[in-house]
file data-v6.pdb (PDB, C-alpha atoms)
ATOM      1  CA  MET A   1    -100.456 -32.814 -47.460  1.00  0.00           C
ATOM      2  CA  ILE A   2    -100.203 -33.548 -43.731  1.00  0.00           C
ATOM      3  CA  LEU A   3     -96.668 -33.635 -42.332  1.00  0.00           C
ATOM      4  CA  ARG A   4     -95.379 -35.844 -39.524  1.00  0.00           C
ATOM      5  CA  VAL A   5     -92.815 -33.877 -37.555  1.00  0.00           C
ATOM      6  CA  ALA A   6     -89.870 -35.755 -36.149  1.00  0.00           C
ATOM      7  CA  VAL A   7     -87.541 -33.524 -34.175  1.00  0.00           C
ATOM      8  CA  GLY A   8     -88.501 -31.001 -31.516  1.00  0.00           C
ATOM      9  CA  LEU A   9     -85.212 -30.809 -29.646  1.00  0.00           C
ATOM     10  CA  LEU A  10     -81.759 -32.244 -29.405  1.00  0.00           C
ATOM     11  CA  VAL A  11     -82.522 -35.708 -28.073  1.00  0.00           C
ATOM     12  CA  GLY A  12     -79.642 -35.983 -25.650  1.00  0.00           C
ATOM     13  CA  MET A  13     -78.549 -33.812 -22.721  1.00  0.00           C
ATOM     14  CA  LEU A  14     -77.119 -30.373 -23.226  1.00  0.00           C
ATOM     15  CA  GLY A  15     -73.823 -28.607 -22.753  1.00  0.00           C
ATOM     16  CA  VAL A  16     -70.833 -27.040 -24.485  1.00  0.00           C
ATOM     17  CA  VAL A  17     -69.628 -28.708 -27.669  1.00  0.00           C
ATOM     18  CA  SER A  18     -66.380 -28.655 -29.491  1.00  0.00           C
ATOM     19  CA  VAL A  19     -66.633 -26.231 -32.427  1.00  0.00           C
ATOM     20  CA  THR A  20     -67.079 -22.593 -31.399  1.00  0.00           C
ATOM     21  CA  LEU A  21     -69.040 -20.345 -33.723  1.00  0.00           C
ATOM     22  CA  ALA A  22     -67.423 -17.071 -34.701  1.00  0.00           C
ATOM     23  CA  GLY A  23     -68.760 -13.541 -34.488  1.00  0.00           C
ATOM     24  CA  PRO A  24     -71.198 -11.550 -36.611  1.00  0.00           C
ATOM     25  CA  ALA A  25     -69.077 -10.867 -39.703  1.00  0.00           C
ATOM     26  CA  ARG A  26     -70.872 -11.401 -42.995  1.00  0.00           C
ATOM     27  CA  ALA A  27     -69.812 -14.148 -45.373  1.00  0.00           C
ATOM     28  CA  ALA A  28     -70.339 -14.589 -49.093  1.00  0.00           C
ATOM     29  CA  ASP A  29     -71.839 -17.784 -50.446  1.00  0.00           C
ATOM     30  CA  SER A  30     -68.877 -19.020 -52.453  1.00  0.00           C
ATOM     31  CA  VAL A  31     -71.207 -21.040 -54.660  1.00  0.00           C
ATOM     32  CA  ALA A  32     -74.074 -18.676 -55.382  1.00  0.00           C
ATOM     33  CA  GLY A  33     -72.357 -15.347 -54.676  1.00  0.00           C
ATOM     34  CA  SER A  34     -74.851 -14.198 -52.025  1.00  0.00           C
ATOM     35  CA  VAL A  35     -74.663 -13.484 -48.299  1.00  0.00           C
ATOM     36  CA  VAL A  36     -75.259 -16.573 -46.178  1.00  0.00           C
ATOM     37  CA  GLU A  37     -77.580 -15.636 -43.328  1.00  0.00           C
ATOM     38  CA  PRO A  38     -79.430 -18.821 -42.432  1.00  0.00           C
ATOM     39  CA  SER A  39     -81.186 -17.490 -39.348  1.00  0.00           C
ATOM     40  CA  ALA A  40     -81.810 -14.227 -37.560  1.00  0.00           C
ATOM     41  CA  GLY A  41     -78.790 -13.173 -35.537  1.00  0.00           C
ATOM     42  CA  TRP A  42     -76.474 -15.805 -36.993  1.00  0.00           C
ATOM     43  CA  VAL A  43     -74.505 -14.832 -40.106  1.00  0.00           C
ATOM     44  CA  LEU A  44     -71.910 -17.369 -41.185  1.00  0.00           C
ATOM     45  CA  THR A  45     -68.378 -16.149 -41.707  1.00  0.00           C
ATOM     46  CA  ALA A  46     -66.291 -17.171 -44.702  1.00  0.00           C
ATOM     47  CA  ALA A  47     -64.329 -19.561 -42.473  1.00  0.00           C
ATOM     48  CA  GLN A  48     -67.511 -21.154 -41.155  1.00  0.00           C
ATOM     49  CA  LEU A  49     -68.938 -21.552 -44.637  1.00  0.00           C
ATOM     50  CA  LYS A  50     -65.710 -23.150 -45.808  1.00  0.00           C
ATOM     51  CA  ARG A  51     -65.889 -25.593 -42.914  1.00  0.00           C
ATOM     52  CA  LEU A  52     -69.455 -26.542 -43.823  1.00  0.00           C
ATOM     53  CA  GLU A  53     -68.549 -26.989 -47.483  1.00  0.00           C
ATOM     54  CA  SER A  54     -65.729 -29.332 -46.497  1.00  0.00           C
ATOM     55  CA  GLY A  55     -68.170 -31.531 -44.563  1.00  0.00           C
ATOM     56  CA  GLY A  56     -67.713 -30.051 -41.092  1.00  0.00           C
ATOM     57  CA  ILE A  57     -70.364 -29.332 -38.466  1.00  0.00           C
ATOM     58  CA  LEU A  58     -70.623 -26.077 -36.514  1.00  0.00           C
ATOM     59  CA  SER A  59     -71.973 -26.295 -32.980  1.00  0.00           C
ATOM     60  CA  ASP A  60     -71.776 -24.470 -29.688  1.00  0.00           C
ATOM     61  CA  GLY A  61     -73.764 -24.013 -26.514  1.00  0.00           C
ATOM     62  CA  ASP A  62     -73.918 -22.746 -22.969  1.00  0.00           C
ATOM     63  CA  ILE A  63     -75.475 -23.985 -19.722  1.00  0.00           C
ATOM     64  CA  THR A  64     -76.644 -22.070 -16.713  1.00  0.00           C
ATOM     65  CA  ALA A  65     -76.586 -23.833 -13.366  1.00  0.00           C
ATOM     66  CA  ASP A  66     -79.264 -24.664 -10.776  1.00  0.00           C
ATOM     67  CA  PRO A  67     -81.547 -25.255 -12.533  1.00  0.00           C
ATOM     68  CA  PRO A  68     -79.660 -26.099 -15.721  1.00  0.00           C
ATOM     69  CA  VAL A  69     -80.867 -24.297 -18.851  1.00  0.00           C
ATOM     70  CA  ALA A  70     -79.067 -24.947 -22.122  1.00  0.00           C
ATOM     71  CA  ASP A  71     -78.914 -22.677 -25.155  1.00  0.00           C
ATOM     72  CA  PHE A  72     -77.273 -24.174 -28.228  1.00  0.00           C
ATOM     73  CA  ARG A  73     -77.044 -24.009 -31.986  1.00  0.00           C
ATOM     74  CA  ALA A  74     -75.623 -26.061 -34.821  1.00  0.00           C
ATOM     75  CA  ALA A  75     -75.247 -25.880 -38.602  1.00  0.00           C
ATOM     76  CA  ILE A  76     -74.486 -28.335 -41.387  1.00  0.00           C
ATOM     77  CA  LEU A  77     -74.459 -28.390 -45.193  1.00  0.00           C
ATOM     78  CA  ILE A  78     -76.512 -31.193 -46.732  1.00  0.00           C
ATOM     79  CA  ALA A  79     -76.378 -32.253 -50.384  1.00  0.00           C
ATOM     80  CA  ALA A  80     -80.163 -32.312 -50.730  1.00  0.00           C
ATOM     81  CA  SER A  81     -82.805 -29.690 -51.430  1.00  0.00           C
ATOM     82  CA  PRO A  82     -84.571 -27.781 -48.627  1.00  0.00           C
ATOM     83  CA  GLU A  83     -87.725 -29.730 -49.464  1.00  0.00           C
ATOM     84  CA  GLN A  84     -85.971 -33.082 -49.021  1.00  0.00           C
ATOM     85  CA  VAL A  85     -84.358 -32.029 -45.732  1.00  0.00           C
ATOM     86  CA  PHE A  86     -87.675 -30.643 -44.474  1.00  0.00           C
ATOM     87  CA  ARG A  87     -89.486 -33.875 -45.340  1.00  0.00           C
ATOM     88  CA  THR A  88     -86.809 -35.946 -43.586  1.00  0.00           C
ATOM     89  CA  LEU A  89     -87.128 -33.901 -40.398  1.00  0.00           C
ATOM     90  CA  THR A  90     -90.924 -34.027 -40.453  1.00  0.00           C
ATOM     91  CA  ASP A  91     -91.245 -37.807 -40.716  1.00  0.00           C
ATOM     92  CA  CYS A  92     -91.443 -39.761 -37.455  1.00  0.00           C
ATOM     93  CA  ALA A  93     -90.368 -43.003 -39.118  1.00  0.00           C
ATOM     94  CA  ASP A  94     -87.228 -41.326 -40.464  1.00  0.00           C
ATOM     95  CA  ALA A  95     -86.516 -39.727 -37.081  1.00  0.00           C
ATOM     96  CA  LEU A  96     -86.278 -43.116 -35.405  1.00  0.00           C
ATOM     97  CA  ARG A  97     -83.455 -43.942 -37.814  1.00  0.00           C
ATOM     98  CA  PHE A  98     -81.125 -41.060 -36.933  1.00  0.00           C
ATOM     99  CA  VAL A  99     -82.160 -39.116 -33.791  1.00  0.00           C
ATOM    100  CA  PRO A 100     -80.027 -40.157 -30.781  1.00  0.00           C
ATOM    101  CA  HIS A 101     -82.001 -41.926 -28.017  1.00  0.00           C
ATOM    102  CA  LEU A 102     -85.415 -41.445 -29.682  1.00  0.00           C
ATOM    103  CA  LYS A 103     -87.713 -44.392 -28.913  1.00  0.00           C
ATOM    104  CA  ARG A 104     -91.172 -43.092 -29.863  1.00  0.00           C
ATOM    105  CA  CYS A 105     -92.565 -40.358 -32.109  1.00  0.00           C
ATOM    106  CA  ALA A 106     -96.286 -39.798 -32.705  1.00  0.00           C
ATOM    107  CA  VAL A 107     -98.463 -36.929 -33.921  1.00  0.00           C
ATOM    108  CA  VAL A 108    -101.255 -36.137 -31.435  1.00  0.00           C
ATOM    109  CA  ASP A 109    -102.907 -33.180 -33.208  1.00  0.00           C
ATOM    110  CA  THR A 110    -102.684 -31.493 -36.608  1.00  0.00           C
ATOM    111  CA  ALA A 111    -104.041 -28.272 -38.095  1.00  0.00           C
ATOM    112  CA  PRO A 112    -106.585 -28.812 -40.893  1.00  0.00           C
ATOM    113  CA  ASP A 113    -104.232 -27.045 -43.313  1.00  0.00           C
ATOM    114  CA  GLY A 114    -101.134 -28.863 -42.003  1.00  0.00           C
ATOM    115  CA  ARG A 115     -99.402 -25.678 -40.829  1.00  0.00           C
ATOM    116  CA  TRP A 116     -98.836 -26.946 -37.288  1.00  0.00           C
ATOM    117  CA  GLN A 117     -98.765 -30.160 -35.313  1.00  0.00           C
ATOM    118  CA  ASP A 118     -98.473 -31.309 -31.715  1.00  0.00           C
ATOM    119  CA  VAL A 119     -96.037 -34.200 -31.467  1.00  0.00           C
ATOM    120  CA  GLU A 120     -95.300 -36.601 -28.615  1.00  0.00           C
ATOM    121  CA  GLN A 121     -91.847 -38.141 -28.263  1.00  0.00           C
ATOM    122  CA  THR A 122     -90.077 -40.440 -25.826  1.00  0.00           C
ATOM    123  CA  VAL A 123     -86.313 -40.564 -25.399  1.00  0.00           C
ATOM    124  CA  ASP A 124     -84.329 -43.039 -23.328  1.00  0.00           C
ATOM    125  CA  TYR A 125     -80.818 -42.240 -22.105  1.00  0.00           C
ATOM    126  CA  GLY A 126     -80.329 -45.661 -20.508  1.00  0.00           C
ATOM    127  CA  TRP A 127     -78.775 -45.646 -17.051  1.00  0.00           C
ATOM    128  CA  LEU A 128     -77.429 -42.097 -17.505  1.00  0.00           C
ATOM    129  CA  ALA A 129     -80.734 -40.272 -16.961  1.00  0.00           C
ATOM    130  CA  PRO A 130     -84.482 -40.903 -16.672  1.00  0.00           C
ATOM    131  CA  ARG A 131     -86.610 -41.730 -19.694  1.00  0.00           C
ATOM    132  CA  ALA A 132     -88.260 -38.497 -20.866  1.00  0.00           C
ATOM    133  CA  ARG A 133     -91.716 -38.039 -22.397  1.00  0.00           C
ATOM    134  CA  TYR A 134     -92.891 -34.712 -23.765  1.00  0.00           C
ATOM    135  CA  VAL A 135     -95.171 -32.991 -26.286  1.00  0.00           C
ATOM    136  CA  PHE A 136     -94.105 -30.034 -28.408  1.00  0.00           C
ATOM    137  CA  HIS A 137     -95.985 -27.742 -30.785  1.00  0.00           C
ATOM    138  CA  ALA A 138     -94.406 -27.341 -34.238  1.00  0.00           C
ATOM    139  CA  GLU A 139     -95.245 -24.553 -36.684  1.00  0.00           C
ATOM    140  CA  TYR A 140     -94.245 -25.010 -40.322  1.00  0.00           C
ATOM    141  CA  ASP A 141     -93.132 -22.561 -42.973  1.00  0.00           C
ATOM    142  CA  ARG A 142     -92.886 -25.329 -45.511  1.00  0.00           C
ATOM    143  CA  TYR A 143     -89.343 -25.986 -46.815  1.00  0.00           C
ATOM    144  CA  ALA A 144     -88.068 -22.828 -45.051  1.00  0.00           C
ATOM    145  CA  SER A 145     -88.341 -23.358 -41.282  1.00  0.00           C
ATOM    146  CA  ILE A 146     -89.804 -25.284 -38.369  1.00  0.00           C
ATOM    147  CA  ARG A 147     -90.422 -23.514 -35.063  1.00  0.00           C
ATOM    148  CA  PHE A 148     -91.264 -25.530 -31.973  1.00  0.00           C
ATOM    149  CA  SER A 149     -92.362 -24.817 -28.401  1.00  0.00           C
ATOM    150  CA  HIS A 150     -93.051 -26.818 -25.246  1.00  0.00           C
ATOM    151  CA  VAL A 151     -96.579 -28.048 -24.513  1.00  0.00           C
ATOM    152  CA  ARG A 152     -96.182 -30.544 -21.653  1.00  0.00           C
ATOM    153  CA  GLY A 153     -93.926 -33.267 -20.318  1.00  0.00           C
ATOM    154  CA  ASP A 154     -90.525 -33.737 -18.711  1.00  0.00           C
ATOM    155  CA  PHE A 155     -89.051 -30.329 -19.578  1.00  0.00           C
ATOM    156  CA  HIS A 156     -89.498 -26.873 -18.097  1.00  0.00           C
ATOM    157  CA  GLU A 157     -88.461 -25.312 -21.408  1.00  0.00           C
ATOM    158  CA  ASN A 158     -88.124 -26.716 -24.908  1.00  0.00           C
ATOM    159  CA  HIS A 159     -88.303 -24.249 -27.785  1.00  0.00           C
ATOM    160  CA  GLY A 160     -86.300 -23.352 -30.842  1.00  0.00           C
ATOM    161  CA  SER A 161     -86.144 -23.602 -34.614  1.00  0.00           C
ATOM    162  CA  TRP A 162     -84.813 -25.403 -37.660  1.00  0.00           C
ATOM    163  CA  GLU A 163     -84.088 -23.233 -40.704  1.00  0.00           C
ATOM    164  CA  PHE A 164     -83.234 -24.253 -44.266  1.00  0.00           C
ATOM    165  CA  THR A 165     -81.180 -22.043 -46.610  1.00  0.00           C
ATOM    166  CA  PRO A 166     -80.878 -23.211 -50.245  1.00  0.00           C
ATOM    167  CA  MET A 167     -77.383 -23.451 -51.728  1.00  0.00           C
ATOM    168  CA  ARG A 168     -75.899 -24.501 -55.075  1.00  0.00           C
ATOM    169  CA  GLY A 169     -78.982 -23.533 -57.010  1.00  0.00           C
ATOM    170  CA  GLY A 170     -81.285 -25.328 -54.571  1.00  0.00           C
ATOM    171  CA  THR A 171     -79.533 -28.714 -54.785  1.00  0.00           C
ATOM    172  CA  ALA A 172     -77.984 -28.313 -51.317  1.00  0.00           C
ATOM    173  CA  THR A 173     -79.115 -26.812 -48.007  1.00  0.00           C
ATOM    174  CA  ILE A 174     -77.525 -25.147 -45.020  1.00  0.00           C
ATOM    175  CA  VAL A 175     -79.502 -26.362 -42.003  1.00  0.00           C
ATOM    176  CA  THR A 176     -79.334 -24.381 -38.767  1.00  0.00           C
ATOM    177  CA  TYR A 177     -80.745 -25.617 -35.481  1.00  0.00           C
ATOM    178  CA  ARG A 178     -81.236 -23.433 -32.414  1.00  0.00           C
ATOM    179  CA  ALA A 179     -82.871 -24.382 -29.129  1.00  0.00           C
ATOM    180  CA  ARG A 180     -83.280 -23.592 -25.445  1.00  0.00           C
ATOM    181  CA  VAL A 181     -83.983 -26.572 -23.204  1.00  0.00           C
ATOM    182  CA  SER A 182     -84.348 -27.134 -19.465  1.00  0.00           C
ATOM    183  CA  PRO A 183     -85.120 -30.649 -18.164  1.00  0.00           C
ATOM    184  CA  ALA A 184     -87.637 -31.057 -15.340  1.00  0.00           C
ATOM    185  CA  PHE A 185     -85.570 -33.905 -13.861  1.00  0.00           C
ATOM    186  CA  TYR A 186     -82.134 -33.745 -12.297  1.00  0.00           C
ATOM    187  CA  VAL A 187     -79.159 -34.141 -14.611  1.00  0.00           C
ATOM    188  CA  PRO A 188     -75.594 -33.274 -13.509  1.00  0.00           C
ATOM    189  CA  ARG A 189     -74.162 -30.342 -15.445  1.00  0.00           C
ATOM    190  CA  TRP A 190     -71.055 -32.308 -16.413  1.00  0.00           C
ATOM    191  CA  LEU A 191     -73.271 -35.017 -17.890  1.00  0.00           C
ATOM    192  CA  MET A 192     -75.263 -32.497 -19.902  1.00  0.00           C
ATOM    193  CA  ARG A 193     -72.032 -31.118 -21.371  1.00  0.00           C
ATOM    194  CA  SER A 194     -70.694 -34.562 -22.154  1.00  0.00           C
ATOM    195  CA  MET A 195     -73.860 -35.752 -23.896  1.00  0.00           C
ATOM    196  CA  LEU A 196     -74.299 -32.604 -25.952  1.00  0.00           C
ATOM    197  CA  LYS A 197     -70.694 -32.743 -27.123  1.00  0.00           C
ATOM    198  CA  ARG A 198     -71.502 -36.142 -28.606  1.00  0.00           C
ATOM    199  CA  ASP A 199     -75.220 -36.037 -29.406  1.00  0.00           C
ATOM    200  CA  LEU A 200     -75.564 -32.668 -31.145  1.00  0.00           C
ATOM    201  CA  PRO A 201     -73.010 -33.456 -33.881  1.00  0.00           C
ATOM    202  CA  ASP A 202     -74.439 -36.995 -34.136  1.00  0.00           C
ATOM    203  CA  LEU A 203     -77.927 -35.564 -34.679  1.00  0.00           C
ATOM    204  CA  MET A 204     -76.767 -33.245 -37.468  1.00  0.00           C
ATOM    205  CA  ARG A 205     -74.593 -35.946 -39.027  1.00  0.00           C
ATOM    206  CA  GLY A 206     -77.490 -38.414 -38.939  1.00  0.00           C
ATOM    207  CA  LEU A 207     -79.861 -35.914 -40.538  1.00  0.00           C
ATOM    208  CA  ARG A 208     -77.386 -35.337 -43.361  1.00  0.00           C
ATOM    209  CA  ALA A 209     -76.884 -39.038 -43.994  1.00  0.00           C
ATOM    210  CA  ARG A 210     -80.612 -39.765 -44.004  1.00  0.00           C
ATOM    211  CA  ALA A 211     -81.616 -36.783 -46.186  1.00  0.00           C
ATOM    212  CA  GLU A 212     -78.881 -37.507 -48.729  1.00  0.00           C
ATOM    213  CA  ALA A 213     -79.729 -41.218 -48.808  1.00  0.00           C
ATOM    214  CA  THR A 214     -83.415 -40.442 -49.340  1.00  0.00           C
ATOM    215  CA  ARG A 215     -82.534 -38.002 -52.144  1.00  0.00           C
ATOM    216  CA  GLN A 216     -80.456 -40.680 -53.866  1.00  0.00           C
ATOM    217  CA  GLN A 217     -83.250 -43.233 -53.475  1.00  0.00           C
ATOM    218  CA  SER A 218     -85.746 -40.801 -55.017  1.00  0.00           C
ATOM    219  CA  ALA A 219     -83.427 -40.152 -57.958  1.00  0.00           C
ATOM    220  CA  THR A 220     -82.844 -43.860 -58.521  1.00  0.00           C
ATOM    221  CA  SER A 221     -86.555 -44.710 -58.403  1.00  0.00           C
ATOM    222  CA  ALA A 222     -87.579 -41.885 -60.781  1.00  0.00           C
ATOM    223  CA  PRO A 223     -89.085 -43.112 -64.079  1.00  0.00           C
ATOM    224  CA  GLU A 224     -86.874 -43.088 -67.156  1.00  0.00           C
ATOM    225  CA  PRO A 225     -87.519 -40.109 -69.456  1.00  0.00           C
ATOM    226  CA  SER A 226     -89.474 -40.829 -72.605  1.00  0.00           C
ATOM    227  CA  PRO A 227     -87.332 -41.155 -75.751  1.00  0.00           C
TER
END
call {"tool": "encode", "arguments": {"input": "data-v6.pdb", "output": "structure tokens"}}
result
Amino acid sequence: MILRVAVGLLVGMLGVVSVTLAGPARAADSVAGSVVEPSAGWVLTAAQLKRLESGGILSDGDITADPPVADFRAAILIAASPEQVFRTLTDCADALRFVPHLKRCAVVDTAPDGRWQDVEQTVDYGWLAPRARYVFHAEYDRYASIRFSHVRGDFHENHGSWEFTPMRGGTATIVTYRARVSPAFYVPRWLMRSMLKRDLPDLMRGLRARAEATRQQSATSAPEPSP
């Protein structure tokens, strides 16, 4: 089946956000009894896992100056399977429902086996910053990860990953998002910080709402079991 990828970066400018991620201590999955290590180099602590299980969002980032380059990451727990979350993220129509500032999403090239795609997106920040158009290359490890890299457009850099760690016997997913982005147009550093503080949590929150709503719709529309 051919996938339609939706999200190649945080659609919104970049900066430091409110919840700081803790250090490298290991944490046990309080549901499944296993270590929670959703992505290389980022092992969730017990406190972080507890925050996710209570509905919180983890996010942090850093910006270098002149030219601005932003590195950031975020995590959220979603009450839907990795497959459902993956399908939500890889659907352009769904992306337009929850990705901040996204105005257009279209696949421009796809591997014959569906393992990668090149995707074009347009985001509009209104009067705050120029409209941005760009193409990114997405590589899929189906239901486990999405890795993306810059091809062309209004960014000097745009690469990162989405990773999906099953929880609660596969009925829930810890989603981690990591990226490095540098716009090719001028954006004040203070504005990048301000927009990321708002847009990164909004992106993760929107993904959760959409994936969980789609899961509920699928369950409701499933045929009744035979007597």
call {"tool": "residues_around", "arguments": {"input": "data-v6.pdb", "residues": "segment 85-98 of chain A", "least_positions_apart": "3", "cutoff": "9 Å", "atoms": "only C-alpha atoms", "output": "PyMOL selection string"}}
result
chain A and resi 3-7+78+80-82+101-107+142-146+164+173+175+202-212+214-215
call {"tool": "resolve_selection", "arguments": {"input": "data-v6.pdb", "expression": "the PyMOL selection byres ((chain A and resi 125) around 12)", "output": "number ranges by chain"}}
result
A: 11-13, 100-103, 122-124, 126-133, 187, 191-192, 195, 199
call {"tool": "atom_distance", "arguments": {"input": "data-v6.pdb", "atom1": "atom CA of Pro183 of chain A", "atom2": "atom CA of Trp162 of chain A"}}
result
20.2 Å
call {"tool": "closest_residue", "arguments": {"input": "data-v6.pdb", "among": "A:His150, A:Arg178, A:Arg115, A:His137", "to": "Ala74 of chain A", "atoms": "only C-alpha atoms"}}
result
A:Arg178
call {"tool": "closest_residue", "arguments": {"input": "data-v6.pdb", "among": "A:Phe136, A:Thr165, A:His159, A:Val69", "to": "Leu44 of chain A", "atoms": "all atoms listed in the file"}}
result
A:Thr165
call {"tool": "axis_aligned_box", "arguments": {"input": "data-v6.pdb", "around": "segment 57-63 of chain A", "padding_each_side": "6 Å", "output": "AutoDock Vina command-line options"}}
result
--center_x -72.9 --center_y -26.0 --center_z -29.1 --size_x 17.1 --size_y 18.6 --size_z 30.7
call {"tool": "closest_residue", "arguments": {"input": "data-v6.pdb", "among": "A:Ser182, A:Thr171, A:Ser194, A:Gln216", "to": "Thr64 of chain A", "atoms": "all atoms listed in the file"}}
result
A:Ser182
call {"tool": "closest_residue", "arguments": {"input": "data-v6.pdb", "among": "A:Asp66, A:Val108, A:Pro188, A:Ala79", "to": "Glu53 of chain A", "atoms": "all atoms listed in the file"}}
result
A:Ala79
call {"tool": "resolve_selection", "arguments": {"input": "data-v6.pdb", "expression": "the PyMOL selection byres ((chain A and resi 73) around 7)", "output": "compact mmCIF listing (two decimals) with C-alpha atoms, keeping the file's coordinate frame"}}
result
# COMPACT_ATOMS: atom_id res chain seq x y z
CA SER A 59 -71.97 -26.30 -32.98
CA ASP A 60 -71.78 -24.47 -29.69
CA GLY A 61 -73.76 -24.01 -26.51
CA PHE A 72 -77.27 -24.17 -28.23
CA ALA A 74 -75.62 -26.06 -34.82
CA TYR A 177 -80.74 -25.62 -35.48
CA ARG A 178 -81.24 -23.43 -32.41
CA ALA A 179 -82.87 -24.38 -29.13
call {"tool": "atom_distance", "arguments": {"input": "data-v6.pdb", "atom1": "atom CA of Gly170 of chain A", "atom2": "atom CA of Gln84 of chain A"}}
result
10.6 Å
call {"tool": "resolve_selection", "arguments": {"input": "data-v6.pdb", "expression": "the PyMOL selection byres ((chain A and resi 157) around 12)", "output": "ChimeraX atom specification"}}
result
/A:8-9,67-71,134-136,148-156,158-160,179-185
call {"tool": "atom_distance", "arguments": {"input": "data-v6.pdb", "atom1": "atom CA of Ile76 of chain A", "atom2": "atom CA of Leu52 of chain A"}}
result
5.9 Å
call {"tool": "closest_residue", "arguments": {"input": "data-v6.pdb", "among": "A:Gln117, A:Arg198, A:Leu77, A:Ile174", "to": "Ser54 of chain A", "atoms": "only C-alpha atoms"}}
result
A:Leu77
call {"tool": "closest_residue", "arguments": {"input": "data-v6.pdb", "among": "A:Tyr140, A:Leu196, A:Ala65, A:Arg189", "to": "Gly114 of chain A", "atoms": "only C-alpha atoms"}}
result
A:Tyr140
call {"tool": "build_atoms", "arguments": {"input": "data-v6.pdb", "residues": "segment 122-140 of chain A", "atoms": "N, CA and C atoms", "output": "PDB file, in the frame of the given file"}}
result
ATOM      1  N   THR A 122     -90.704 -39.826 -26.999  1.00  0.00           N
ATOM      2  CA  THR A 122     -90.077 -40.440 -25.826  1.00  0.00           C
ATOM      3  C   THR A 122     -88.619 -40.695 -26.155  1.00  0.00           C
ATOM      4  N   VAL A 123     -87.740 -40.286 -25.234  1.00  0.00           N
ATOM      5  CA  VAL A 123     -86.313 -40.564 -25.399  1.00  0.00           C
ATOM      6  C   VAL A 123     -85.821 -41.330 -24.176  1.00  0.00           C
ATOM      7  N   ASP A 124     -84.850 -42.192 -24.394  1.00  0.00           N
ATOM      8  CA  ASP A 124     -84.329 -43.039 -23.328  1.00  0.00           C
ATOM      9  C   ASP A 124     -82.815 -42.931 -23.325  1.00  0.00           C
ATOM     10  N   TYR A 125     -82.259 -42.414 -22.228  1.00  0.00           N
ATOM     11  CA  TYR A 125     -80.818 -42.240 -22.105  1.00  0.00           C
ATOM     12  C   TYR A 125     -80.149 -43.417 -21.406  1.00  0.00           C
ATOM     13  N   GLY A 126     -80.904 -44.515 -21.197  1.00  0.00           N
ATOM     14  CA  GLY A 126     -80.329 -45.661 -20.508  1.00  0.00           C
ATOM     15  C   GLY A 126     -80.117 -45.348 -19.030  1.00  0.00           C
ATOM     16  N   TRP A 127     -79.023 -45.830 -18.469  1.00  0.00           N
ATOM     17  CA  TRP A 127     -78.775 -45.646 -17.051  1.00  0.00           C
ATOM     18  C   TRP A 127     -78.304 -44.236 -16.718  1.00  0.00           C
ATOM     19  N   LEU A 128     -77.979 -43.425 -17.744  1.00  0.00           N
ATOM     20  CA  LEU A 128     -77.429 -42.097 -17.505  1.00  0.00           C
ATOM     21  C   LEU A 128     -78.452 -41.107 -16.953  1.00  0.00           C
ATOM     22  N   ALA A 129     -79.714 -41.238 -17.355  1.00  0.00           N
ATOM     23  CA  ALA A 129     -80.734 -40.272 -16.961  1.00  0.00           C
ATOM     24  C   ALA A 129     -82.105 -40.913 -17.150  1.00  0.00           C
ATOM     25  N   PRO A 130     -83.143 -40.319 -16.538  1.00  0.00           N
ATOM     26  CA  PRO A 130     -84.482 -40.903 -16.672  1.00  0.00           C
ATOM     27  C   PRO A 130     -84.991 -40.871 -18.104  1.00  0.00           C
ATOM     28  N   ARG A 131     -85.896 -41.786 -18.420  1.00  0.00           N
ATOM     29  CA  ARG A 131     -86.610 -41.730 -19.694  1.00  0.00           C
ATOM     30  C   ARG A 131     -87.486 -40.483 -19.692  1.00  0.00           C
ATOM     31  N   ALA A 132     -87.516 -39.756 -20.791  1.00  0.00           N
ATOM     32  CA  ALA A 132     -88.260 -38.497 -20.866  1.00  0.00           C
ATOM     33  C   ALA A 132     -89.383 -38.599 -21.891  1.00  0.00           C
ATOM     34  N   ARG A 133     -90.569 -38.118 -21.501  1.00  0.00           N
ATOM     35  CA  ARG A 133     -91.716 -38.039 -22.397  1.00  0.00           C
ATOM     36  C   ARG A 133     -92.162 -36.584 -22.451  1.00  0.00           C
ATOM     37  N   TYR A 134     -92.525 -36.110 -23.622  1.00  0.00           N
ATOM     38  CA  TYR A 134     -92.891 -34.712 -23.765  1.00  0.00           C
ATOM     39  C   TYR A 134     -93.694 -34.514 -25.045  1.00  0.00           C
ATOM     40  N   VAL A 135     -94.424 -33.402 -25.099  1.00  0.00           N
ATOM     41  CA  VAL A 135     -95.171 -32.991 -26.286  1.00  0.00           C
ATOM     42  C   VAL A 135     -94.711 -31.594 -26.657  1.00  0.00           C
ATOM     43  N   PHE A 136     -94.450 -31.371 -27.937  1.00  0.00           N
ATOM     44  CA  PHE A 136     -94.105 -30.034 -28.408  1.00  0.00           C
ATOM     45  C   PHE A 136     -95.029 -29.632 -29.556  1.00  0.00           C
ATOM     46  N   HIS A 137     -95.175 -28.323 -29.718  1.00  0.00           N
ATOM     47  CA  HIS A 137     -95.985 -27.742 -30.785  1.00  0.00           C
ATOM     48  C   HIS A 137     -95.045 -27.259 -31.880  1.00  0.00           C
ATOM     49  N   ALA A 138     -95.262 -27.711 -33.111  1.00  0.00           N
ATOM     50  CA  ALA A 138     -94.406 -27.341 -34.238  1.00  0.00           C
ATOM     51  C   ALA A 138     -95.200 -26.531 -35.251  1.00  0.00           C
ATOM     52  N   GLU A 139     -94.644 -25.392 -35.648  1.00  0.00           N
ATOM     53  CA  GLU A 139     -95.245 -24.553 -36.684  1.00  0.00           C
ATOM     54  C   GLU A 139     -94.357 -24.592 -37.920  1.00  0.00           C
ATOM     55  N   TYR A 140     -94.987 -24.791 -39.092  1.00  0.00           N
ATOM     56  CA  TYR A 140     -94.245 -25.010 -40.322  1.00  0.00           C
ATOM     57  C   TYR A 140     -94.354 -23.837 -41.295  1.00  0.00           C
TER      58      TYR A 140
END
